[in-house]
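A.B. asks: So here's work.pdb, just PDB, C-alpha atoms:
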MODEL        1
ATOM      1  CA  VAL A 140     131.471  58.241   4.073  1.00  0.00           C
ATOM      2  CA  MET A 141     128.912  56.998   1.551  1.00  0.00           C
ATOM      3  CA  THR A 142     127.538  54.542   4.114  1.00  0.00           C
ATOM      4  CA  THR A 143     126.775  57.427   6.458  1.00  0.00           C
ATOM      5  CA  TYR A 144     125.105  59.443   3.710  1.00  0.00           C
ATOM      6  CA  ARG A 145     123.028  56.422   2.703  1.00  0.00           C
ATOM      7  CA  GLN A 146     121.939  55.879   6.296  1.00  0.00           C
ATOM      8  CA  ARG A 147     120.826  59.499   6.565  1.00  0.00           C
ATOM      9  CA  LEU A 148     119.042  59.325   3.215  1.00  0.00           C
ATOM     10  CA  THR A 149     117.104  56.237   4.302  1.00  0.00           C
ATOM     11  CA  SER A 150     116.190  58.030   7.537  1.00  0.00           C
ATOM     12  CA  SER A 151     114.536  61.039   5.893  1.00  0.00           C
ATOM     13  CA  LEU A 152     114.935  63.446   3.012  1.00  0.00           C
ATOM     14  CA  HIS A 153     115.380  66.244   5.550  1.00  0.00           C
ATOM     15  CA  ALA A 154     118.326  64.450   7.196  1.00  0.00           C
ATOM     16  CA  ILE A 155     120.241  63.976   3.951  1.00  0.00           C
ATOM     17  CA  GLU A 156     119.406  67.549   2.881  1.00  0.00           C
ATOM     18  CA  GLU A 157     120.909  68.915   6.093  1.00  0.00           C
ATOM     19  CA  SER A 158     124.024  66.743   5.638  1.00  0.00           C
ATOM     20  CA  LEU A 159     124.570  67.918   2.067  1.00  0.00           C
ATOM     21  CA  LYS A 160     124.022  71.565   3.047  1.00  0.00           C
ATOM     22  CA  ARG A 161     126.576  71.294   5.860  1.00  0.00           C
ATOM     23  CA  ARG A 162     129.068  69.705   3.500  1.00  0.00           C
ATOM     24  CA  ARG A 163     128.450  72.497   0.980  1.00  0.00           C
ATOM     25  CA  GLU A 164     128.971  75.157   3.648  1.00  0.00           C
ATOM     26  CA  ASN A 165     132.218  73.546   4.766  1.00  0.00           C
ATOM     27  CA  LEU A 166     133.541  73.384   1.212  1.00  0.00           C
ATOM     28  CA  SER A 167     132.534  77.007   0.601  1.00  0.00           C
ATOM     29  CA  SER A 168     134.276  78.246   3.731  1.00  0.00           C
ATOM     30  CA  ASP A 169     137.962  78.903   4.248  1.00  0.00           C
ATOM     31  CA  LEU A 170     138.404  75.295   5.383  1.00  0.00           C
ATOM     32  CA  GLN A 171     138.833  73.940   1.882  1.00  0.00           C
ATOM     33  CA  ASP A 172     141.035  70.900   2.480  1.00  0.00           C
ATOM     34  CA  VAL A 173     138.982  68.289   0.645  1.00  0.00           C
ATOM     35  CA  SER A 174     141.281  65.506   1.803  1.00  0.00           C
ATOM     36  CA  GLU A 175     139.471  65.674   5.155  1.00  0.00           C
ATOM     37  CA  VAL A 176     135.941  64.568   6.041  1.00  0.00           C
ATOM     38  CA  SER A 177     134.433  67.766   7.370  1.00  0.00           C
ATOM     39  CA  GLU A 178     130.892  66.852   8.429  1.00  0.00           C
ATOM     40  CA  SER A 179     130.519  66.383  12.163  1.00  0.00           C
ATOM     41  CA  ASP A 180     128.529  63.167  11.987  1.00  0.00           C
ATOM     42  CA  LEU A 181     130.964  61.390   9.675  1.00  0.00           C
ATOM     43  CA  GLN A 182     133.010  59.837  12.434  1.00  0.00           C
ATOM     44  CA  THR A 183     135.234  57.687  10.230  1.00  0.00           C
ATOM     45  CA  GLY A 184     136.521  57.932   6.678  1.00  0.00           C
ATOM     46  CA  ASP A 185     137.924  55.414   4.221  1.00  0.00           C
ATOM     47  CA  LEU A 186     141.198  57.159   3.378  1.00  0.00           C
ATOM     48  CA  ALA A 187     142.299  54.390   1.027  1.00  0.00           C
ATOM     49  CA  GLY A 188     138.981  54.670  -0.834  1.00  0.00           C
ATOM     50  CA  ARG A 189     139.361  58.434  -1.224  1.00  0.00           C
ATOM     51  CA  GLU A 190     142.924  58.047  -2.471  1.00  0.00           C
ATOM     52  CA  GLU A 191     141.732  55.570  -5.087  1.00  0.00           C
ATOM     53  CA  VAL A 192     139.051  57.958  -6.370  1.00  0.00           C
ATOM     54  CA  LEU A 193     141.523  60.860  -6.535  1.00  0.00           C
ATOM     55  CA  ARG A 194     144.088  58.717  -8.320  1.00  0.00           C
ATOM     56  CA  ARG A 195     141.575  57.339 -10.822  1.00  0.00           C
ATOM     57  CA  GLU A 196     139.657  60.556 -11.549  1.00  0.00           C
ATOM     58  CA  TYR A 197     142.425  63.122 -11.296  1.00  0.00           C
ATOM     59  CA  GLY A 198     145.734  61.277 -11.286  1.00  0.00           C
ATOM     60  CA  LEU A 199     146.420  62.794  -7.855  1.00  0.00           C
ATOM     61  CA  LYS A 200     147.561  61.676  -4.445  1.00  0.00           C
ATOM     62  CA  VAL A 201     145.990  63.051  -1.261  1.00  0.00           C
ATOM     63  CA  ASP A 202     149.078  65.100  -0.395  1.00  0.00           C
ATOM     64  CA  GLN A 203     148.853  66.830  -3.793  1.00  0.00           C
ATOM     65  CA  ILE A 204     145.419  68.400  -3.266  1.00  0.00           C
ATOM     66  CA  GLY A 205     146.068  71.052  -0.643  1.00  0.00           C
ATOM     67  CA  ALA A 206     143.418  73.748  -0.324  1.00  0.00           C
ATOM     68  CA  ASN A 207     145.409  76.313  -2.289  1.00  0.00           C
ATOM     69  CA  SER A 208     146.646  74.069  -5.098  1.00  0.00           C
ATOM     70  CA  PRO A 209     145.018  74.161  -8.559  1.00  0.00           C
ATOM     71  CA  ALA A 210     144.210  70.464  -8.290  1.00  0.00           C
ATOM     72  CA  GLY A 211     142.616  70.903  -4.865  1.00  0.00           C
ATOM     73  CA  GLU A 212     140.462  73.751  -6.154  1.00  0.00           C
ATOM     74  CA  ARG A 213     139.385  71.638  -9.130  1.00  0.00           C
ATOM     75  CA  VAL A 214     138.270  68.820  -6.852  1.00  0.00           C
ATOM     76  CA  ARG A 215     136.467  71.247  -4.542  1.00  0.00           C
ATOM     77  CA  GLN A 216     134.555  72.904  -7.371  1.00  0.00           C
ATOM     78  CA  PHE A 217     133.578  69.509  -8.777  1.00  0.00           C
ATOM     79  CA  GLU A 218     132.174  68.354  -5.438  1.00  0.00           C
ATOM     80  CA  LEU A 219     130.311  71.642  -4.924  1.00  0.00           C
ATOM     81  CA  SER A 220     128.699  71.220  -8.335  1.00  0.00           C
ATOM     82  CA  GLU A 221     127.637  67.678  -7.494  1.00  0.00           C
ATOM     83  CA  LEU A 222     126.237  68.765  -4.120  1.00  0.00           C
ATOM     84  CA  GLU A 223     124.181  71.528  -5.731  1.00  0.00           C
ATOM     85  CA  GLY A 224     122.693  68.954  -8.103  1.00  0.00           C
ATOM     86  CA  PHE A 225     121.768  66.568  -5.288  1.00  0.00           C
ATOM     87  CA  ILE A 226     120.178  69.330  -3.209  1.00  0.00           C
ATOM     88  CA  ALA A 227     118.194  70.572  -6.227  1.00  0.00           C
ATOM     89  CA  GLN A 228     116.788  67.060  -6.724  1.00  0.00           C
ATOM     90  CA  LEU A 229     115.604  67.017  -3.103  1.00  0.00           C
ATOM     91  CA  TYR A 230     113.792  70.319  -3.650  1.00  0.00           C
ATOM     92  CA  ASP A 231     111.904  68.684  -6.519  1.00  0.00           C
ATOM     93  CA  VAL A 232     110.173  66.312  -4.072  1.00  0.00           C
ATOM     94  CA  PRO A 233     106.982  68.084  -2.892  1.00  0.00           C
ATOM     95  CA  GLU A 234     106.617  66.062   0.314  1.00  0.00           C
ATOM     96  CA  ASP A 235     108.638  63.343   1.997  1.00  0.00           C
ATOM     97  CA  PRO A 236     106.545  60.178   1.450  1.00  0.00           C
ATOM     98  CA  LYS A 237     107.409  59.003   4.958  1.00  0.00           C
ATOM     99  CA  LEU A 238     105.812  62.106   6.440  1.00  0.00           C
ATOM    100  CA  GLU A 239     102.693  61.539   4.344  1.00  0.00           C
ATOM    101  CA  GLN A 240     102.541  57.925   5.519  1.00  0.00           C
ATOM    102  CA  LEU A 241     103.080  58.962   9.124  1.00  0.00           C
ATOM    103  CA  MET A 242     100.097  61.311   9.154  1.00  0.00           C
ATOM    104  CA  GLN A 243      97.887  58.627   7.600  1.00  0.00           C
ATOM    105  CA  ASP A 244      99.024  56.061  10.152  1.00  0.00           C
ATOM    106  CA  LEU A 245      98.525  58.365  13.142  1.00  0.00           C
ATOM    107  CA  ASN A 246      94.931  58.902  12.027  1.00  0.00           C
ATOM    108  CA  GLU A 247      94.459  55.152  11.573  1.00  0.00           C
ATOM    109  CA  LEU A 248      95.909  54.396  14.999  1.00  0.00           C
ATOM    110  CA  SER A 249      93.560  56.941  16.546  1.00  0.00           C
ATOM    111  CA  ALA A 250      90.627  55.198  14.839  1.00  0.00           C
ATOM    112  CA  LYS A 251      91.835  51.898  16.331  1.00  0.00           C
ATOM    113  CA  ALA A 252      91.769  53.520  19.800  1.00  0.00           C
ATOM    114  CA  ARG A 253      95.562  53.368  19.963  1.00  0.00           C
ATOM    115  CA  ASP A 254      95.897  56.682  21.701  1.00  0.00           C
ATOM    116  CA  THR A 255      99.588  56.682  22.667  1.00  0.00           C
ATOM    117  CA  VAL A 256     102.226  56.255  19.966  1.00  0.00           C
ATOM    118  CA  ILE A 257     106.021  56.326  20.129  1.00  0.00           C
ATOM    119  CA  ILE A 258     107.969  57.230  16.969  1.00  0.00           C
ATOM    120  CA  PHE A 259     111.649  56.242  16.765  1.00  0.00           C
ATOM    121  CA  THR A 260     114.385  57.718  14.582  1.00  0.00           C
ATOM    122  CA  GLN A 261     118.193  57.599  14.604  1.00  0.00           C
ATOM    123  CA  TYR A 262     118.855  61.257  13.814  1.00  0.00           C
ATOM    124  CA  THR A 263     117.922  64.557  15.442  1.00  0.00           C
ATOM    125  CA  ASP A 264     117.484  66.150  11.992  1.00  0.00           C
ATOM    126  CA  THR A 265     114.775  63.583  11.243  1.00  0.00           C
ATOM    127  CA  LEU A 266     113.265  64.104  14.699  1.00  0.00           C
ATOM    128  CA  ASP A 267     112.996  67.832  13.967  1.00  0.00           C
ATOM    129  CA  ALA A 268     111.192  67.184  10.675  1.00  0.00           C
ATOM    130  CA  ILE A 269     108.753  64.772  12.338  1.00  0.00           C
ATOM    131  CA  LYS A 270     107.893  67.017  15.268  1.00  0.00           C
ATOM    132  CA  ARG A 271     107.230  70.011  12.996  1.00  0.00           C
ATOM    133  CA  LYS A 272     104.906  67.994  10.772  1.00  0.00           C
ATOM    134  CA  VAL A 273     103.022  66.208  13.537  1.00  0.00           C
ATOM    135  CA  SER A 274     102.473  69.331  15.648  1.00  0.00           C
ATOM    136  CA  VAL A 275     100.531  70.956  12.787  1.00  0.00           C
ATOM    137  CA  SER A 276      97.523  68.739  13.511  1.00  0.00           C
ATOM    138  CA  HIS A 277      98.359  67.003  16.819  1.00  0.00           C
ATOM    139  CA  TYR A 278      98.905  69.013  19.966  1.00  0.00           C
ATOM    140  CA  ASN A 279      99.904  66.468  22.600  1.00  0.00           C
ATOM    141  CA  VAL A 280     103.398  65.877  21.182  1.00  0.00           C
ATOM    142  CA  GLY A 281     106.742  65.560  22.962  1.00  0.00           C
ATOM    143  CA  THR A 282     110.312  64.586  22.117  1.00  0.00           C
ATOM    144  CA  TYR A 283     112.955  62.556  23.954  1.00  0.00           C
ATOM    145  CA  SER A 284     116.558  62.647  22.760  1.00  0.00           C
ATOM    146  CA  GLY A 285     120.137  62.848  23.927  1.00  0.00           C
ATOM    147  CA  SER A 286     119.812  66.625  24.246  1.00  0.00           C
ATOM    148  CA  GLY A 287     116.826  66.370  26.612  1.00  0.00           C
ATOM    149  CA  GLY A 288     113.056  66.564  26.381  1.00  0.00           C
ATOM    150  CA  GLU A 289     110.582  68.907  24.697  1.00  0.00           C
ATOM    151  CA  MET A 290     106.827  69.445  24.801  1.00  0.00           C
ATOM    152  CA  TYR A 291     104.744  71.279  22.235  1.00  0.00           C
ATOM    153  CA  ASP A 292     102.912  74.335  23.570  1.00  0.00           C
ATOM    154  CA  ALA A 293      99.928  74.653  21.229  1.00  0.00           C
ATOM    155  CA  ALA A 294      98.708  77.903  22.809  1.00  0.00           C
ATOM    156  CA  ASN A 295     101.923  79.703  21.899  1.00  0.00           C
ATOM    157  CA  ASP A 296     102.836  77.496  18.923  1.00  0.00           C
ATOM    158  CA  GLU A 297     106.297  76.756  20.276  1.00  0.00           C
ATOM    159  CA  TRP A 298     108.411  73.964  21.707  1.00  0.00           C
ATOM    160  CA  THR A 299     109.446  74.140  25.349  1.00  0.00           C
ATOM    161  CA  GLY A 300     112.462  72.361  26.787  1.00  0.00           C
ATOM    162  CA  VAL A 301     111.639  70.141  29.775  1.00  0.00           C
ATOM    163  CA  SER A 302     113.338  67.311  31.655  1.00  0.00           C
ATOM    164  CA  LYS A 303     113.318  63.797  30.243  1.00  0.00           C
ATOM    165  CA  GLU A 304     111.651  62.614  33.443  1.00  0.00           C
ATOM    166  CA  ARG A 305     108.730  64.968  32.887  1.00  0.00           C
ATOM    167  CA  VAL A 306     108.364  63.804  29.282  1.00  0.00           C
ATOM    168  CA  LYS A 307     108.242  60.197  30.471  1.00  0.00           C
ATOM    169  CA  ARG A 308     105.733  61.041  33.216  1.00  0.00           C
ATOM    170  CA  GLU A 309     103.413  62.988  30.910  1.00  0.00           C
ATOM    171  CA  PHE A 310     103.510  60.181  28.329  1.00  0.00           C
ATOM    172  CA  THR A 311     102.964  57.209  30.642  1.00  0.00           C
ATOM    173  CA  ASP A 312     100.347  58.809  32.895  1.00  0.00           C
ATOM    174  CA  PRO A 313      96.806  58.220  31.507  1.00  0.00           C
ATOM    175  CA  GLU A 314      95.989  61.782  32.561  1.00  0.00           C
ATOM    176  CA  GLY A 315      99.239  63.190  31.126  1.00  0.00           C
ATOM    177  CA  ASP A 316      99.582  65.815  28.425  1.00  0.00           C
ATOM    178  CA  LEU A 317     101.427  63.675  25.834  1.00  0.00           C
ATOM    179  CA  SER A 318     100.008  61.068  23.490  1.00  0.00           C
ATOM    180  CA  ILE A 319     102.703  61.122  20.766  1.00  0.00           C
ATOM    181  CA  LEU A 320     106.386  60.798  21.662  1.00  0.00           C
ATOM    182  CA  VAL A 321     109.139  61.266  19.059  1.00  0.00           C
ATOM    183  CA  CYS A 322     112.436  59.712  20.200  1.00  0.00           C
ATOM    184  CA  THR A 323     115.969  59.038  19.129  1.00  0.00           C
ATOM    185  CA  ASP A 324     117.664  55.790  20.133  1.00  0.00           C
ATOM    186  CA  SER A 325     118.653  57.356  23.449  1.00  0.00           C
ATOM    187  CA  ALA A 326     115.193  56.130  24.520  1.00  0.00           C
ATOM    188  CA  SER A 327     115.709  52.580  23.241  1.00  0.00           C
ATOM    189  CA  GLU A 328     117.402  51.370  26.422  1.00  0.00           C
ATOM    190  CA  GLY A 329     116.140  51.614  29.972  1.00  0.00           C
ATOM    191  CA  LEU A 330     112.898  53.459  29.187  1.00  0.00           C
ATOM    192  CA  ASN A 331     109.816  51.449  30.171  1.00  0.00           C
ATOM    193  CA  LEU A 332     106.758  52.442  28.151  1.00  0.00           C
ATOM    194  CA  GLN A 333     104.432  49.466  28.587  1.00  0.00           C
ATOM    195  CA  THR A 334     101.487  51.885  28.684  1.00  0.00           C
ATOM    196  CA  CYS A 335     102.179  52.817  25.037  1.00  0.00           C
ATOM    197  CA  ASP A 336      99.742  51.438  22.442  1.00  0.00           C
ATOM    198  CA  ALA A 337     101.859  51.408  19.258  1.00  0.00           C
ATOM    199  CA  MET A 338     105.317  52.034  17.827  1.00  0.00           C
ATOM    200  CA  ILE A 339     106.445  53.447  14.494  1.00  0.00           C
ATOM    201  CA  ASN A 340     110.059  52.880  13.467  1.00  0.00           C
ATOM    202  CA  TYR A 341     110.420  55.885  11.169  1.00  0.00           C
ATOM    203  CA  ASP A 342     113.836  54.602  10.118  1.00  0.00           C
ATOM    204  CA  MET A 343     115.488  51.238  10.655  1.00  0.00           C
ATOM    205  CA  PRO A 344     118.886  50.858  12.348  1.00  0.00           C
ATOM    206  CA  TRP A 345     121.125  48.522  10.397  1.00  0.00           C
ATOM    207  CA  ASN A 346     121.742  46.568  13.605  1.00  0.00           C
ATOM    208  CA  PRO A 347     118.725  44.297  14.315  1.00  0.00           C
ATOM    209  CA  GLN A 348     119.539  44.315  18.024  1.00  0.00           C
ATOM    210  CA  VAL A 349     118.771  48.036  18.194  1.00  0.00           C
ATOM    211  CA  VAL A 350     115.382  47.381  16.565  1.00  0.00           C
ATOM    212  CA  GLU A 351     114.687  44.758  19.236  1.00  0.00           C
ATOM    213  CA  GLN A 352     115.664  47.228  21.947  1.00  0.00           C
ATOM    214  CA  ARG A 353     113.167  49.714  20.568  1.00  0.00           C
ATOM    215  CA  ILE A 354     110.374  47.151  20.486  1.00  0.00           C
ATOM    216  CA  GLY A 355     111.262  46.104  24.023  1.00  0.00           C
ATOM    217  CA  ARG A 356     110.204  49.546  25.265  1.00  0.00           C
ATOM    218  CA  ILE A 357     106.526  48.634  24.778  1.00  0.00           C
ATOM    219  CA  ASP A 358     106.514  44.831  24.362  1.00  0.00           C
ATOM    220  CA  ARG A 359     107.103  44.067  28.038  1.00  0.00           C
ATOM    221  CA  ILE A 360     105.417  43.016  31.272  1.00  0.00           C
ATOM    222  CA  GLY A 361     102.583  45.399  32.080  1.00  0.00           C
ATOM    223  CA  GLN A 362     101.484  45.913  28.478  1.00  0.00           C
ATOM    224  CA  THR A 363      97.671  45.749  28.509  1.00  0.00           C
ATOM    225  CA  ASN A 364      97.039  45.521  24.757  1.00  0.00           C
ATOM    226  CA  GLU A 365      96.493  42.004  23.467  1.00  0.00           C
ATOM    227  CA  LYS A 366      98.585  42.859  20.413  1.00  0.00           C
ATOM    228  CA  VAL A 367     101.511  45.261  20.202  1.00  0.00           C
ATOM    229  CA  LEU A 368     101.518  47.216  16.938  1.00  0.00           C
ATOM    230  CA  VAL A 369     104.949  47.948  15.447  1.00  0.00           C
ATOM    231  CA  TRP A 370     105.093  49.581  12.020  1.00  0.00           C
ATOM    232  CA  ASN A 371     108.396  49.929  10.142  1.00  0.00           C
ATOM    233  CA  TYR A 372     109.102  52.512   7.426  1.00  0.00           C
ATOM    234  CA  ILE A 373     111.560  51.745   4.621  1.00  0.00           C
ATOM    235  CA  TYR A 374     111.939  53.605   1.317  1.00  0.00           C
ATOM    236  CA  ASP A 375     111.539  51.363  -1.733  1.00  0.00           C
ATOM    237  CA  ASP A 376     114.622  50.511  -3.774  1.00  0.00           C
ATOM    238  CA  THR A 377     117.219  51.574  -1.198  1.00  0.00           C
ATOM    239  CA  VAL A 378     120.089  49.763   0.479  1.00  0.00           C
ATOM    240  CA  GLU A 379     117.944  49.655   3.627  1.00  0.00           C
ATOM    241  CA  GLU A 380     115.323  47.577   1.819  1.00  0.00           C
ATOM    242  CA  ASP A 381     118.040  45.165   0.698  1.00  0.00           C
ATOM    243  CA  ILE A 382     119.367  44.829   4.241  1.00  0.00           C
ATOM    244  CA  TYR A 383     115.989  43.954   5.734  1.00  0.00           C
ATOM    245  CA  GLU A 384     115.151  41.503   2.970  1.00  0.00           C
ATOM    246  CA  ARG A 385     118.385  39.661   3.763  1.00  0.00           C
ATOM    247  CA  LEU A 386     117.651  39.754   7.488  1.00  0.00           C
ATOM    248  CA  GLY A 387     114.261  38.210   6.789  1.00  0.00           C
ATOM    249  CA  GLU A 388     115.951  35.422   4.846  1.00  0.00           C
ATOM    250  CA  ARG A 389     118.314  34.773   7.755  1.00  0.00           C
ATOM    251  CA  ILE A 390     115.447  34.632  10.234  1.00  0.00           C
ATOM    252  CA  SER A 391     113.805  32.010   8.011  1.00  0.00           C
ATOM    253  CA  LEU A 392     117.012  29.969   8.167  1.00  0.00           C
ATOM    254  CA  PHE A 393     117.066  30.243  11.953  1.00  0.00           C
ATOM    255  CA  GLU A 394     113.461  29.042  12.164  1.00  0.00           C
ATOM    256  CA  GLN A 395     114.267  26.022  10.003  1.00  0.00           C
ATOM    257  CA  ALA A 396     117.050  25.132  12.428  1.00  0.00           C
ATOM    258  CA  VAL A 397     115.505  25.851  15.827  1.00  0.00           C
ATOM    259  CA  GLY A 398     111.774  26.359  15.197  1.00  0.00           C
ATOM    260  CA  PRO A 399     109.548  29.469  15.224  1.00  0.00           C
TER     261      PRO A 399
ENDMDL
END
Written as structure tokens, how would this file's structure read?
C.D. replies:
Amino acid sequence: VMTTYRQRLTSSLHAIEESLKRRRENLSSDLQDVSEVSESDLQTGDLAGREEVLRREYGLKVDQIGANSPAGERVRQFELSELEGFIAQLYDVPEDPKLEQLMQDLNELSAKARDTVIIFTQYTDTLDAIKRKVSVSHYNVGTYSGSGGEMYDAANDEWTGVSKERVKREFTDPEGDLSILVCTDSASEGLNLQTCDAMINYDMPWNPQVVEQRIGRIDRIGQTNEKVLVWNYIYDDTVEEDIYERLGERISLFEQAVGP
């Protein structure tokens, strides 16, 4: 469970905020069995780990904390209090530093004549935050995700659902209407974007192969730029930073063994 929350936190502050809010809503509803993992994107749970926490903190077993028991209510109220504290801390951050960096980098890429940019993220919550921010000052923006495609209609200040094929066509055609494409990893396989000038990995999958699949969308035959620009965003002092430092060390070991 904590691994999933950490992944969403290192994706964006908006993603972890939405996760914590959903958890709070679930705990506040009639479904108050805290022995279950209630958030939709927490696909697996460490039952043994939860039992250990309940035993250590409360002297309880999982089957003793039913929704209507005094012990279950005590645990629920404790978690709600903790969630409120976490959410309040997020509200204290005036702007997600990744969003600030993104706007700076989009301006820099434009100055470098890198007119088409693809932005990758793992989560639709993060995608939503990116598209809202970018569309404030950039009008030729589209999205590509598992739920389909979208294009920003600047005239009406709204997002319009379109087919994925149209999004791809408008982005790859030099005369098309899209210059910035925000994607989830549903676009990291089978989508050929060799006409794209740069890539921003807004968050980093913890599987390096997925990162390579993303890069392979633009670093491929037909790419006309002499150099492919790929910029990776990682929050300082997070588990994600630790993971990529260790991956860098492993790559160095590989190069010592087999060459660059």
A.B. asks: For this structure, which residues satisfy the selection - the PyMOL selection byres ((chain A and resi 296-303) around 10) - when it is evaluated on the file as given? I want them as a PDB file with C-alpha atoms, keeping the file's coordinate frame.
C.D. replies:
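So out.pdb came out as:
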ATOM      1  CA  LYS A 270     107.893  67.017  15.268  1.00  0.00           C
ATOM      2  CA  ARG A 271     107.230  70.011  12.996  1.00  0.00           C
ATOM      3  CA  SER A 274     102.473  69.331  15.648  1.00  0.00           C
ATOM      4  CA  VAL A 275     100.531  70.956  12.787  1.00  0.00           C
ATOM      5  CA  TYR A 278      98.905  69.013  19.966  1.00  0.00           C
ATOM      6  CA  VAL A 280     103.398  65.877  21.182  1.00  0.00           C
ATOM      7  CA  GLY A 281     106.742  65.560  22.962  1.00  0.00           C
ATOM      8  CA  THR A 282     110.312  64.586  22.117  1.00  0.00           C
ATOM      9  CA  TYR A 283     112.955  62.556  23.954  1.00  0.00           C
ATOM     10  CA  SER A 284     116.558  62.647  22.760  1.00  0.00           C
ATOM     11  CA  GLY A 285     120.137  62.848  23.927  1.00  0.00           C
ATOM     12  CA  SER A 286     119.812  66.625  24.246  1.00  0.00           C
ATOM     13  CA  GLY A 287     116.826  66.370  26.612  1.00  0.00           C
ATOM     14  CA  GLY A 288     113.056  66.564  26.381  1.00  0.00           C
ATOM     15  CA  GLU A 289     110.582  68.907  24.697  1.00  0.00           C
ATOM     16  CA  MET A 290     106.827  69.445  24.801  1.00  0.00           C
ATOM     17  CA  TYR A 291     104.744  71.279  22.235  1.00  0.00           C
ATOM     18  CA  ASP A 292     102.912  74.335  23.570  1.00  0.00           C
ATOM     19  CA  ALA A 293      99.928  74.653  21.229  1.00  0.00           C
ATOM     20  CA  ALA A 294      98.708  77.903  22.809  1.00  0.00           C
ATOM     21  CA  ASN A 295     101.923  79.703  21.899  1.00  0.00           C
ATOM     22  CA  GLU A 304     111.651  62.614  33.443  1.00  0.00           C
ATOM     23  CA  ARG A 305     108.730  64.968  32.887  1.00  0.00           C
ATOM     24  CA  VAL A 306     108.364  63.804  29.282  1.00  0.00           C
ATOM     25  CA  LYS A 307     108.242  60.197  30.471  1.00  0.00           C
ATOM     26  CA  ARG A 308     105.733  61.041  33.216  1.00  0.00           C
ATOM     27  CA  GLU A 309     103.413  62.988  30.910  1.00  0.00           C
ATOM     28  CA  ALA A 326     115.193  56.130  24.520  1.00  0.00           C
TER      29      ALA A 326
END
A.B. asks: Taking the file above as input, evaluate the PyMOL selection byres ((chain A and resi 374-382) around 10) and report the hits as a list in words.
C.D. replies: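 Applying the expression gives Thr142, Arg145, Gln146, Leu148, Thr149, Ser150, Ser151, Pro236, Lys237, Asp342, Met343, Pro344, Trp345, Asn346, Tyr372, Ile373, Tyr383, Glu384, Arg385, Leu386 and Gly387 of chain A.
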A.B. asks: Go through A:Ala337, A:Ser325, A:Ser318, A:Leu152 and flag the residue nearest Asp231 (chain A), using all atoms listed in the file for the distances.
C.D. replies: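 Among the listed residues, the smallest separation from Asp231 (chain A) belongs to A:Leu152.
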A.B. asks: With distances taken over all atoms listed in the file, which of A:Ile257, A:Leu248, A:Leu222, A:Leu332 is nearest to Gly361 (chain A)?
C.D. replies: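 So, comparing all the options, the nearest one is A:Leu332.
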A.B. asks: Report as lines of an AutoDock Vina configuration file the centre and the edge lengths, in Å to one decimal, of the axis-aligned box holding every listed atom of region 220-238 of chain A, padded by 3 Å on each side.
C.D. replies:
center_x = 117.3
center_y = 65.3
center_z = -0.9
size_x = 28.9
size_y = 18.5
size_z = 20.8
A.B. asks: Which is closest to Glu234 (chain A) among A:His153, A:Phe310, A:Gly329, A:Gly211, if we use all atoms listed in the file?
C.D. replies: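 When distances to Glu234 (chain A) are compared using all atoms listed in the file, the smallest one comes from A:His153.
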